[in-house]
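Engineer: Dropping in model_38.txt, which is compact mmCIF, C-alpha atoms:
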# COMPACT_ATOMS: atom_id res chain seq x y z
CA LEU A 13 9.26 65.16 61.60
CA LYS A 14 5.56 64.69 60.92
CA ARG A 15 5.98 66.02 57.42
CA ALA A 16 8.87 63.64 56.93
CA CYS A 17 6.76 60.78 58.19
CA HIS A 18 3.89 61.79 55.97
CA GLY A 19 6.37 61.87 53.07
CA VAL A 20 7.48 58.35 53.83
CA ASP A 21 3.88 57.13 54.02
CA TYR A 22 3.09 58.81 50.71
CA TYR A 23 6.12 57.19 49.12
CA ARG A 24 5.14 53.76 50.45
CA VAL A 25 1.56 54.09 49.18
CA ASN A 26 2.69 55.16 45.73
CA TYR A 27 5.29 52.41 45.62
CA SER A 28 2.69 49.83 46.62
CA ILE A 29 0.22 51.03 44.00
CA GLY A 30 2.88 51.07 41.29
CA TRP A 31 4.07 47.61 42.23
CA ARG A 32 0.53 46.26 42.04
CA GLU A 33 -0.03 47.94 38.67
CA ASP A 34 3.18 46.43 37.30
CA MET A 35 2.18 43.04 38.68
CA THR A 36 -1.25 43.28 37.07
CA THR A 37 0.28 44.33 33.78
CA ASN A 38 2.71 41.41 33.86
CA GLN A 39 -0.11 39.00 34.73
CA ASN A 40 -2.20 40.31 31.85
CA ARG A 41 0.72 39.90 29.49
CA ALA A 42 1.28 36.34 30.75
CA ILE A 43 -2.41 35.52 30.34
CA LYS A 44 -2.44 36.94 26.80
CA SER A 45 0.72 34.98 25.97
CA GLN A 46 -0.83 31.77 27.30
CA ARG A 47 -4.05 32.37 25.39
CA ASN A 48 -2.05 33.10 22.26
CA GLN A 49 -0.25 29.76 22.68
CA ILE A 50 -3.59 28.02 23.20
CA GLN A 51 -4.85 29.49 19.92
CA GLN A 52 -1.67 28.38 18.17
CA TYR A 53 -2.15 24.82 19.50
CA ALA A 54 -5.75 24.90 18.29
CA LYS A 55 -4.53 25.80 14.78
CA GLU A 56 -2.02 22.94 14.90
CA ILE A 57 -4.79 20.53 15.93
CA ASN A 58 -6.85 21.69 12.94
CA THR A 59 -3.83 21.13 10.67
CA LEU A 60 -3.17 17.63 12.07
CA LYS A 61 -6.83 16.75 11.61
CA ALA A 62 -6.75 17.88 7.97
CA GLN A 63 -3.56 15.86 7.35
CA LEU A 64 -5.14 12.77 8.90
CA VAL A 65 -8.16 13.14 6.62
CA GLU A 66 -5.82 13.46 3.61
CA LEU A 67 -4.00 10.27 4.63
CA ASN A 68 -7.31 8.45 4.92
CA ASN A 69 -8.39 9.67 1.46
CA PHE A 70 -4.99 8.63 0.05
CA GLU A 71 -5.41 5.14 1.51
CA ARG A 72 -8.88 4.86 -0.06
CA LYS A 73 -7.50 5.88 -3.48
CA ILE A 74 -4.81 3.19 -3.26
CA ARG A 75 -7.41 0.59 -2.34
CA ILE A 76 -9.59 1.61 -5.29
CA ILE A 77 -6.64 1.42 -7.71
CA ALA A 78 -5.49 -1.95 -6.32
CA ASN A 79 -9.08 -3.21 -6.01
CA ILE A 80 -8.61 -3.98 -2.32
CA GLU A 81 -11.59 -3.61 -0.01
CA ASN A 82 -11.32 -2.54 3.61
CA ASN A 83 -14.11 -3.98 5.70
CA ASN A 84 -12.68 -2.32 8.81
CA ASN A 85 -13.03 1.19 7.39
CA MET A 86 -16.79 1.29 6.83
CA ASP A 87 -17.26 3.92 9.56
CA GLY A 88 -14.51 6.28 8.43
CA VAL A 89 -11.34 7.30 10.22
CA PHE A 90 -13.25 9.22 12.92
CA GLY A 91 -15.48 6.35 13.97
CA VAL A 92 -19.16 5.60 13.46
CA GLY A 93 -20.56 7.75 10.68
CA GLY A 94 -17.09 9.02 9.79
CA THR A 95 -18.06 12.57 10.88
CA ILE A 96 -15.04 14.87 10.96
CA PRO A 97 -15.00 17.12 14.06
CA GLU A 98 -15.51 20.79 13.20
CA ASP A 99 -12.41 22.98 13.18
CA LEU A 100 -11.56 24.68 16.45
CA ASP A 101 -12.26 28.42 16.59
CA ALA A 102 -8.83 29.90 17.22
CA LYS A 103 -9.94 33.52 16.70
CA ILE A 104 -11.32 34.17 20.18
CA SER A 105 -10.36 37.58 21.58
CA LEU A 106 -7.33 37.41 23.85
CA LYS A 107 -9.36 39.36 26.40
CA GLU A 108 -11.91 36.56 26.71
CA LYS A 109 -11.53 33.33 28.66
CA HIS A 110 -10.44 30.26 26.65
CA ASN A 111 -11.95 27.60 28.91
CA SER A 112 -14.38 26.30 26.26
CA LEU A 113 -11.62 26.20 23.63
CA ILE A 114 -9.33 24.24 25.98
CA ARG A 115 -12.15 21.76 26.65
CA GLU A 116 -12.81 21.30 22.89
CA MET A 117 -9.07 20.91 22.26
CA HIS A 118 -8.86 18.15 24.84
CA GLU A 119 -11.81 16.32 23.29
CA GLN A 120 -10.38 16.59 19.77
CA VAL A 121 -6.92 15.43 20.89
CA VAL A 122 -8.57 12.29 22.25
CA ASP A 123 -10.43 11.82 18.93
CA LEU A 124 -7.24 12.43 16.94
CA ASN A 125 -5.30 9.85 18.96
CA LEU A 126 -7.98 7.23 18.31
CA ALA A 127 -8.21 8.17 14.62
CA ALA A 128 -4.41 8.09 14.22
CA TYR A 129 -4.27 4.61 15.77
CA LYS A 130 -7.07 3.42 13.46
CA GLN A 131 -5.34 4.91 10.42
CA GLU A 132 -2.08 3.21 11.39
CA GLU A 133 -3.86 -0.15 11.62
CA ASP A 134 -5.55 0.45 8.23
CA PHE A 135 -2.19 1.21 6.62
CA LYS A 136 -0.69 -1.96 8.13
CA SER A 137 -3.60 -3.95 6.71
CA LEU A 138 -3.21 -2.27 3.31
CA LEU A 139 0.53 -2.98 3.23
CA LYS A 140 -0.08 -6.63 4.07
CA GLN A 141 -2.72 -6.95 1.33
CA LEU A 142 -0.53 -5.15 -1.22
CA GLU A 143 2.33 -7.49 -0.37
CA ALA A 144 0.08 -10.49 -0.91
CA GLN A 145 -1.15 -9.01 -4.18
CA ARG A 146 2.41 -8.30 -5.28
CA ASN A 147 3.34 -11.92 -4.58
CA LEU A 148 0.31 -13.06 -6.57
CA LEU A 149 1.25 -10.82 -9.50
CA ALA A 150 4.85 -12.03 -9.40
CA ALA A 151 3.59 -15.62 -9.45
CA THR A 152 1.19 -15.03 -12.36
CA PRO A 153 2.54 -15.97 -15.84
CA ALA A 154 2.77 -12.72 -17.76
CA ILE A 155 5.45 -12.90 -20.48
CA CYS A 156 6.24 -14.92 -23.59
CA PRO A 157 8.46 -17.91 -22.71
CA ALA A 158 10.59 -17.79 -25.87
CA LYS A 159 11.22 -15.89 -29.08
CA GLY A 160 9.92 -17.51 -32.26
CA TRP A 161 6.84 -18.14 -34.36
CA ILE A 162 3.55 -19.44 -33.05
CA THR A 163 2.78 -22.60 -35.00
CA SER A 164 -0.17 -23.87 -32.99
CA ARG A 165 -2.49 -22.10 -30.58
CA PHE A 166 -4.65 -23.22 -27.67
CA GLY A 167 -7.87 -24.93 -28.76
CA TYR A 168 -9.12 -27.45 -31.28
CA ARG A 169 -6.85 -28.26 -34.23
CA GLN A 170 -6.13 -31.05 -36.72
CA SER A 171 -3.47 -33.35 -35.31
CA PRO A 172 -0.27 -33.27 -37.42
CA PHE A 173 0.23 -36.94 -36.60
CA THR A 174 -3.23 -38.51 -36.90
CA GLY A 175 -5.07 -35.93 -38.97
CA ARG A 176 -7.92 -36.09 -36.49
CA ARG A 177 -9.50 -33.19 -34.63
CA GLU A 178 -7.96 -32.78 -31.21
CA PHE A 179 -7.78 -30.23 -28.45
CA HIS A 180 -4.37 -28.59 -28.10
CA LYS A 181 -3.85 -27.58 -24.47
CA GLY A 182 -0.97 -25.20 -24.98
CA LEU A 183 0.96 -22.87 -27.25
CA ASP A 184 3.64 -24.04 -29.70
CA ILE A 185 6.50 -21.64 -30.45
CA ALA A 186 8.96 -22.72 -33.16
CA ASN A 187 12.59 -21.61 -33.37
CA ARG A 188 16.08 -22.97 -33.83
CA PRO A 189 17.31 -25.66 -31.40
CA GLY A 190 19.07 -24.09 -28.45
CA THR A 191 16.93 -20.95 -28.36
CA PRO A 192 16.63 -19.82 -24.69
CA ILE A 193 13.39 -20.47 -22.80
CA ILE A 194 12.55 -18.28 -19.79
CA ALA A 195 10.30 -18.68 -16.77
CA THR A 196 7.14 -16.64 -17.21
CA ALA A 197 6.66 -16.00 -13.47
CA ASP A 198 8.28 -16.55 -10.08
CA GLY A 199 8.01 -20.07 -8.77
CA THR A 200 9.65 -23.36 -7.81
CA VAL A 201 10.73 -26.04 -10.27
CA SER A 202 8.60 -29.08 -9.41
CA PHE A 203 9.63 -31.45 -12.24
CA VAL A 204 12.53 -31.91 -14.64
CA GLY A 205 12.71 -34.94 -16.91
CA LYS A 206 10.95 -36.88 -19.66
CA LYS A 207 7.16 -36.74 -19.66
CA GLY A 208 5.71 -39.11 -22.28
CA LEU A 209 4.99 -37.52 -25.66
CA LEU A 210 6.14 -34.12 -24.36
CA GLY A 211 9.75 -35.32 -24.24
CA LYS A 212 12.12 -33.43 -21.96
CA THR A 213 9.97 -31.16 -19.79
CA VAL A 214 10.29 -28.55 -17.04
CA VAL A 215 7.33 -27.85 -14.76
CA ILE A 216 7.19 -24.78 -12.51
CA ASP A 217 4.79 -24.43 -9.61
CA HIS A 218 3.99 -20.73 -9.06
CA GLY A 219 1.71 -21.22 -6.09
CA HIS A 220 -1.89 -19.98 -5.89
CA GLY A 221 -2.86 -23.03 -7.98
CA MET A 222 -0.84 -21.87 -11.02
CA VAL A 223 1.55 -24.18 -12.91
CA THR A 224 3.44 -23.74 -16.22
CA ARG A 225 4.98 -26.50 -18.37
CA TYR A 226 7.79 -26.22 -20.94
CA ALA A 227 8.16 -29.26 -23.22
CA HIS A 228 10.08 -30.79 -26.19
CA LEU A 229 13.29 -29.34 -24.70
CA LEU A 230 16.79 -29.80 -25.98
CA MET A 231 18.01 -29.47 -22.41
CA ALA A 232 16.94 -28.15 -19.01
CA LEU A 233 19.09 -25.59 -17.18
CA VAL A 234 17.38 -26.00 -13.81
CA LYS A 235 16.75 -28.87 -11.44
CA ARG A 236 13.84 -29.86 -9.23
CA GLY A 237 13.51 -27.60 -6.18
CA ASP A 238 15.19 -24.57 -7.77
CA LYS A 239 13.61 -21.16 -7.11
CA VAL A 240 13.21 -19.14 -10.29
CA LYS A 241 12.26 -15.57 -11.05
CA ARG A 242 10.31 -14.27 -14.00
CA GLY A 243 12.76 -13.91 -16.91
CA ASP A 244 15.27 -16.53 -15.70
CA VAL A 245 16.55 -18.83 -18.48
CA ILE A 246 15.42 -22.33 -17.55
CA ALA A 247 15.88 -24.44 -20.72
CA LYS A 248 16.56 -24.50 -24.48
CA ILE A 249 14.19 -25.23 -27.33
CA GLY A 250 14.53 -28.78 -28.69
CA ASN A 251 12.76 -31.50 -30.64
CA THR A 252 12.30 -34.29 -28.08
CA GLY A 253 9.18 -36.40 -27.61
CA ARG A 254 6.55 -36.46 -30.34
CA SER A 255 7.40 -33.40 -32.39
CA THR A 256 7.39 -32.34 -36.04
CA GLY A 257 10.33 -29.96 -35.57
CA PRO A 258 12.21 -27.88 -32.98
CA HIS A 259 9.71 -25.92 -30.92
CA LEU A 260 8.52 -25.19 -27.39
CA HIS A 261 5.19 -26.51 -26.16
CA TYR A 262 4.12 -24.13 -23.40
CA ASP A 263 1.00 -24.51 -21.31
CA VAL A 264 -0.57 -22.85 -18.26
CA ARG A 265 -2.76 -24.67 -15.75
CA ILE A 266 -4.93 -23.12 -13.05
CA ASN A 267 -5.94 -25.59 -10.34
CA GLY A 268 -5.15 -28.41 -12.76
CA VAL A 269 -7.23 -27.03 -15.65
CA ALA A 270 -5.46 -26.00 -18.86
CA VAL A 271 -6.15 -22.36 -19.86
CA ASN A 272 -5.21 -20.30 -22.90
CA PRO A 273 -1.55 -19.24 -22.37
CA GLU A 274 -1.96 -16.22 -24.65
CA LYS A 275 -4.24 -14.63 -22.05
CA TYR A 276 -1.20 -14.59 -19.75
CA ILE A 277 1.21 -12.95 -22.17
CA ILE A 278 1.35 -9.15 -21.95
CA ASN A 279 4.62 -8.49 -23.79
If you took the structure in this file and wrote it as structure tokens, what would it be?
Structural biologist:
Amino acid sequence: LKRACHGVDYYRVNYSIGWREDMTTNQNRAIKSQRNQIQQYAKEINTLKAQLVELNNFERKIRIIANIENNNNMDGVFGVGGTIPEDLDAKISLKEKHNSLIREMHEQVVDLNLAAYKQEEDFKSLLKQLEAQRNLLAATPAICPAKGWITSRFGYRQSPFTGRREFHKGLDIANRPGTPIIATADGTVSFVGKKGLLGKTVVIDHGHGMVTRYAHLLMALVKRGDKVKRGDVIAKIGNTGRSTGPHLHYDVRINGVAVNPEKYIIN
């Protein structure tokens, strides 16, 4: 009976030791698995940080190309000085504690959240400025208003009517009566009708202080208040007003001052 009891005690001791060893082994495996996950998260944080830096560099390139400054980005995406946090060391031995790595990860996640918010705001600002620039470009005269031959350019010339030296404030393009005339930029028709020596005239207000005028028309195909896009046919070449033959008188005015239309023709 004693031997039997001793046998039972021996079995219980061995079972207890084995159970504890298995428990320790499982705990060690769990700890290693957790530390492995921590290292994987650290790598992902490093990757996200690199991607955020790439986005910031991409934004800067766009601003350089579009000639748009960003006064809010003087300190860089990571705040004052623009210093990028060093990459997390994800190669710590799985046998060592990861407390310091976890602390650094927490700090960098906070930095990344702030940087991501700042980058989002910078992109919103960039989009808004690009939209404004696109509207400005769309409203800037940039194409020839009609096919034909240039018979008189912007600048001083001898008047075909008086023979005296005068300043010609536009561009004359000659062609057959009825030749289509197109709007050279987006805008709103602000005048349609007879305008003194210019005869039948269409005036388009493009905003931003820019106005174009199309004169000596055979007929207008738009009315006051119409919205037009660059390339829309708005009138036909004619010979109204004081004119020596069928042609279009086209002029561009910036804040009321006549400028050389040829500087605004890229085609």
Engineer: Point out the residue among A:Leu138, A:Val223, A:Ala197, A:Ile249 with the least atom-to-atom distance to Ile76 (chain A), counting all atoms listed in the file.
Structural biologist: A:Leu138
Engineer: Restricting the calculation to all atoms listed in the file, which member of A:Leu229, A:Met222, A:Ala186, A:Val234 is positioned closest to Gly268 (chain A)?
Structural biologist: A:Met222
Engineer: Considering all atoms listed in the file, can you say which of A:Ala54, A:Trp161, A:Gly221, A:Asn147 comes closest to Arg115 (chain A)?
Structural biologist: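 Of A:Ala54, A:Trp161, A:Gly221, A:Asn147, the one nearest Arg115 (chain A) is A:Ala54, counting all atoms listed in the file.
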Engineer: At a cut-off of 10 Å from (-8.6, -25.8, -28.4) in the coordinates of the file, what residues are picked up using all atoms listed in the file, written as an MDAnalysis selection string?
Structural biologist: chainID A and resid 164:169 177:182 271:272
Engineer: List the neighbours of Pro273 (chain A) out to 12 Å using all atoms listed in the file; skip same-chain residues closer than 4 positions along the sequence, and give me the result as JSON, numbers by chain.
Structural biologist: {"A": [152, 153, 154, 155, 156, 157, 162, 164, 165, 166, 167, 180, 181, 182, 183, 184, 185, 196, 222, 223, 224, 225, 226, 261, 262, 263, 264, 265, 266, 269, 277, 278]}
Engineer: Can you work out which one of A:Arg236, A:His228, A:Arg254, A:Lys159 has the shortest atom-to-atom distance to Val215 (chain A), counting only C-alpha atoms?
Structural biologist: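 Under the stated criterion, the closest residue is A:Arg236.
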Engineer: In Å, how far is it from CA of Gly237 (chain A) to CA of Ala270 (chain A)?
Structural biologist: 22.9 Å
Engineer: Kindly provide, as JSON, the centre and edge lengths (Å, one decimal) of an axis-aligned box around all atoms of region 57-63 of chain A given in the file, with 5 Å on each side.
Structural biologist:
{"center_x": -5.0, "center_y": 18.8, "center_z": 11.6, "size_x": 13.7, "size_y": 15.8, "size_z": 18.6}
Engineer: Select, from A:Ile80, A:Ile50, A:Leu209, A:Ala128, the residue with the minimum atom-to-atom distance to Leu64 (chain A), counting only C-alpha atoms.
Structural biologist: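 Among the listed residues, the smallest separation from Leu64 (chain A) belongs to A:Ala128.
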Engineer: Would you mind completing region 230-256 of chain A so that it carries N, CA, C and O atoms, and writing it out as an mmCIF file, in the coordinates of the input?
Structural biologist:
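See rebuild26.cif below for the written result:
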data_model
loop_
_atom_site.group_PDB
_atom_site.id
_atom_site.type_symbol
_atom_site.label_atom_id
_atom_site.label_comp_id
_atom_site.auth_asym_id
_atom_site.auth_seq_id
_atom_site.Cartn_x
_atom_site.Cartn_y
_atom_site.Cartn_z
ATOM 1 N N LEU A 230 15.474 -29.266 -25.656
ATOM 2 C CA LEU A 230 16.790 -29.800 -25.980
ATOM 3 C C LEU A 230 17.500 -30.158 -24.688
ATOM 4 O O LEU A 230 18.105 -31.236 -24.554
ATOM 5 N N MET A 231 17.402 -29.228 -23.712
ATOM 6 C CA MET A 231 18.010 -29.470 -22.410
ATOM 7 C C MET A 231 17.397 -28.521 -21.380
ATOM 8 O O MET A 231 16.915 -27.444 -21.721
ATOM 9 N N ALA A 232 17.400 -28.986 -20.119
ATOM 10 C CA ALA A 232 16.940 -28.150 -19.010
ATOM 11 C C ALA A 232 18.148 -27.528 -18.325
ATOM 12 O O ALA A 232 19.204 -28.155 -18.200
ATOM 13 N N LEU A 233 18.001 -26.299 -17.862
ATOM 14 C CA LEU A 233 19.090 -25.590 -17.180
ATOM 15 C C LEU A 233 18.795 -25.408 -15.691
ATOM 16 O O LEU A 233 19.522 -24.694 -15.001
ATOM 17 N N VAL A 234 17.741 -26.050 -15.240
ATOM 18 C CA VAL A 234 17.380 -26.000 -13.810
ATOM 19 C C VAL A 234 17.141 -27.425 -13.323
ATOM 20 O O VAL A 234 17.018 -28.355 -14.118
ATOM 21 N N LYS A 235 17.053 -27.564 -12.010
ATOM 22 C CA LYS A 235 16.750 -28.870 -11.440
ATOM 23 C C LYS A 235 15.584 -28.740 -10.465
ATOM 24 O O LYS A 235 15.218 -27.633 -10.040
ATOM 25 N N ARG A 236 15.000 -29.855 -10.124
ATOM 26 C CA ARG A 236 13.840 -29.860 -9.230
ATOM 27 C C ARG A 236 14.185 -29.193 -7.889
ATOM 28 O O ARG A 236 15.242 -29.444 -7.315
ATOM 29 N N GLY A 237 13.301 -28.311 -7.439
ATOM 30 C CA GLY A 237 13.510 -27.600 -6.180
ATOM 31 C C GLY A 237 14.102 -26.218 -6.341
ATOM 32 O O GLY A 237 14.106 -25.424 -5.386
ATOM 33 N N ASP A 238 14.615 -25.900 -7.544
ATOM 34 C CA ASP A 238 15.190 -24.570 -7.770
ATOM 35 C C ASP A 238 14.114 -23.488 -7.695
ATOM 36 O O ASP A 238 12.989 -23.674 -8.181
ATOM 37 N N LYS A 239 14.481 -22.340 -7.102
ATOM 38 C CA LYS A 239 13.610 -21.160 -7.110
ATOM 39 C C LYS A 239 13.966 -20.327 -8.332
ATOM 40 O O LYS A 239 15.146 -20.061 -8.582
ATOM 41 N N VAL A 240 12.960 -19.937 -9.086
ATOM 42 C CA VAL A 240 13.210 -19.140 -10.290
ATOM 43 C C VAL A 240 12.413 -17.854 -10.235
ATOM 44 O O VAL A 240 11.364 -17.768 -9.595
ATOM 45 N N LYS A 241 12.931 -16.850 -10.920
ATOM 46 C CA LYS A 241 12.260 -15.570 -11.050
ATOM 47 C C LYS A 241 11.791 -15.384 -12.485
ATOM 48 O O LYS A 241 12.361 -15.968 -13.419
ATOM 49 N N ARG A 242 10.775 -14.560 -12.653
ATOM 50 C CA ARG A 242 10.310 -14.270 -14.000
ATOM 51 C C ARG A 242 11.465 -13.728 -14.838
ATOM 52 O O ARG A 242 12.175 -12.816 -14.431
ATOM 53 N N GLY A 243 11.678 -14.340 -16.024
ATOM 54 C CA GLY A 243 12.760 -13.910 -16.910
ATOM 55 C C GLY A 243 14.008 -14.770 -16.831
ATOM 56 O O GLY A 243 14.895 -14.644 -17.685
ATOM 57 N N ASP A 244 14.108 -15.634 -15.801
ATOM 58 C CA ASP A 244 15.270 -16.530 -15.700
ATOM 59 C C ASP A 244 15.261 -17.546 -16.845
ATOM 60 O O ASP A 244 14.210 -18.109 -17.171
ATOM 61 N N VAL A 245 16.433 -17.799 -17.437
ATOM 62 C CA VAL A 245 16.550 -18.830 -18.480
ATOM 63 C C VAL A 245 16.528 -20.187 -17.798
ATOM 64 O O VAL A 245 17.328 -20.466 -16.905
ATOM 65 N N ILE A 246 15.596 -21.039 -18.215
ATOM 66 C CA ILE A 246 15.420 -22.330 -17.550
ATOM 67 C C ILE A 246 15.695 -23.523 -18.460
ATOM 68 O O ILE A 246 15.887 -24.648 -17.973
ATOM 69 N N ALA A 247 15.708 -23.304 -19.801
ATOM 70 C CA ALA A 247 15.880 -24.440 -20.720
ATOM 71 C C ALA A 247 16.183 -23.910 -22.126
ATOM 72 O O ALA A 247 16.272 -22.689 -22.343
ATOM 73 N N LYS A 248 16.322 -24.860 -23.075
ATOM 74 C CA LYS A 248 16.560 -24.500 -24.480
ATOM 75 C C LYS A 248 15.583 -25.279 -25.365
ATOM 76 O O LYS A 248 15.254 -26.433 -25.077
ATOM 77 N N ILE A 249 15.135 -24.604 -26.401
ATOM 78 C CA ILE A 249 14.190 -25.230 -27.330
ATOM 79 C C ILE A 249 14.835 -26.464 -27.979
ATOM 80 O O ILE A 249 16.010 -26.451 -28.363
ATOM 81 N N GLY A 250 14.032 -27.550 -28.081
ATOM 82 C CA GLY A 250 14.530 -28.780 -28.690
ATOM 83 C C GLY A 250 13.475 -29.447 -29.549
ATOM 84 O O GLY A 250 12.511 -28.807 -29.997
ATOM 85 N N ASN A 251 13.638 -30.752 -29.738
ATOM 86 C CA ASN A 251 12.760 -31.500 -30.640
ATOM 87 C C ASN A 251 12.518 -32.902 -30.060
ATOM 88 O O ASN A 251 12.366 -33.872 -30.798
ATOM 89 N N THR A 252 12.466 -32.982 -28.726
ATOM 90 C CA THR A 252 12.300 -34.290 -28.080
ATOM 91 C C THR A 252 10.821 -34.639 -27.950
ATOM 92 O O THR A 252 9.942 -33.787 -28.066
ATOM 93 N N GLY A 253 10.562 -35.941 -27.704
ATOM 94 C CA GLY A 253 9.180 -36.400 -27.610
ATOM 95 C C GLY A 253 8.552 -36.477 -28.979
ATOM 96 O O GLY A 253 9.234 -36.558 -30.002
ATOM 97 N N ARG A 254 7.228 -36.433 -29.040
ATOM 98 C CA ARG A 254 6.550 -36.460 -30.340
ATOM 99 C C ARG A 254 6.461 -35.050 -30.868
ATOM 100 O O ARG A 254 5.685 -34.232 -30.390
ATOM 101 N N SER A 255 7.280 -34.756 -31.876
ATOM 102 C CA SER A 255 7.400 -33.400 -32.390
ATOM 103 C C SER A 255 7.690 -33.426 -33.878
ATOM 104 O O SER A 255 8.383 -34.313 -34.372
ATOM 105 N N THR A 256 7.171 -32.433 -34.593
ATOM 106 C CA THR A 256 7.390 -32.340 -36.040
ATOM 107 C C THR A 256 8.582 -31.446 -36.376
ATOM 108 O O THR A 256 8.927 -31.281 -37.536
#
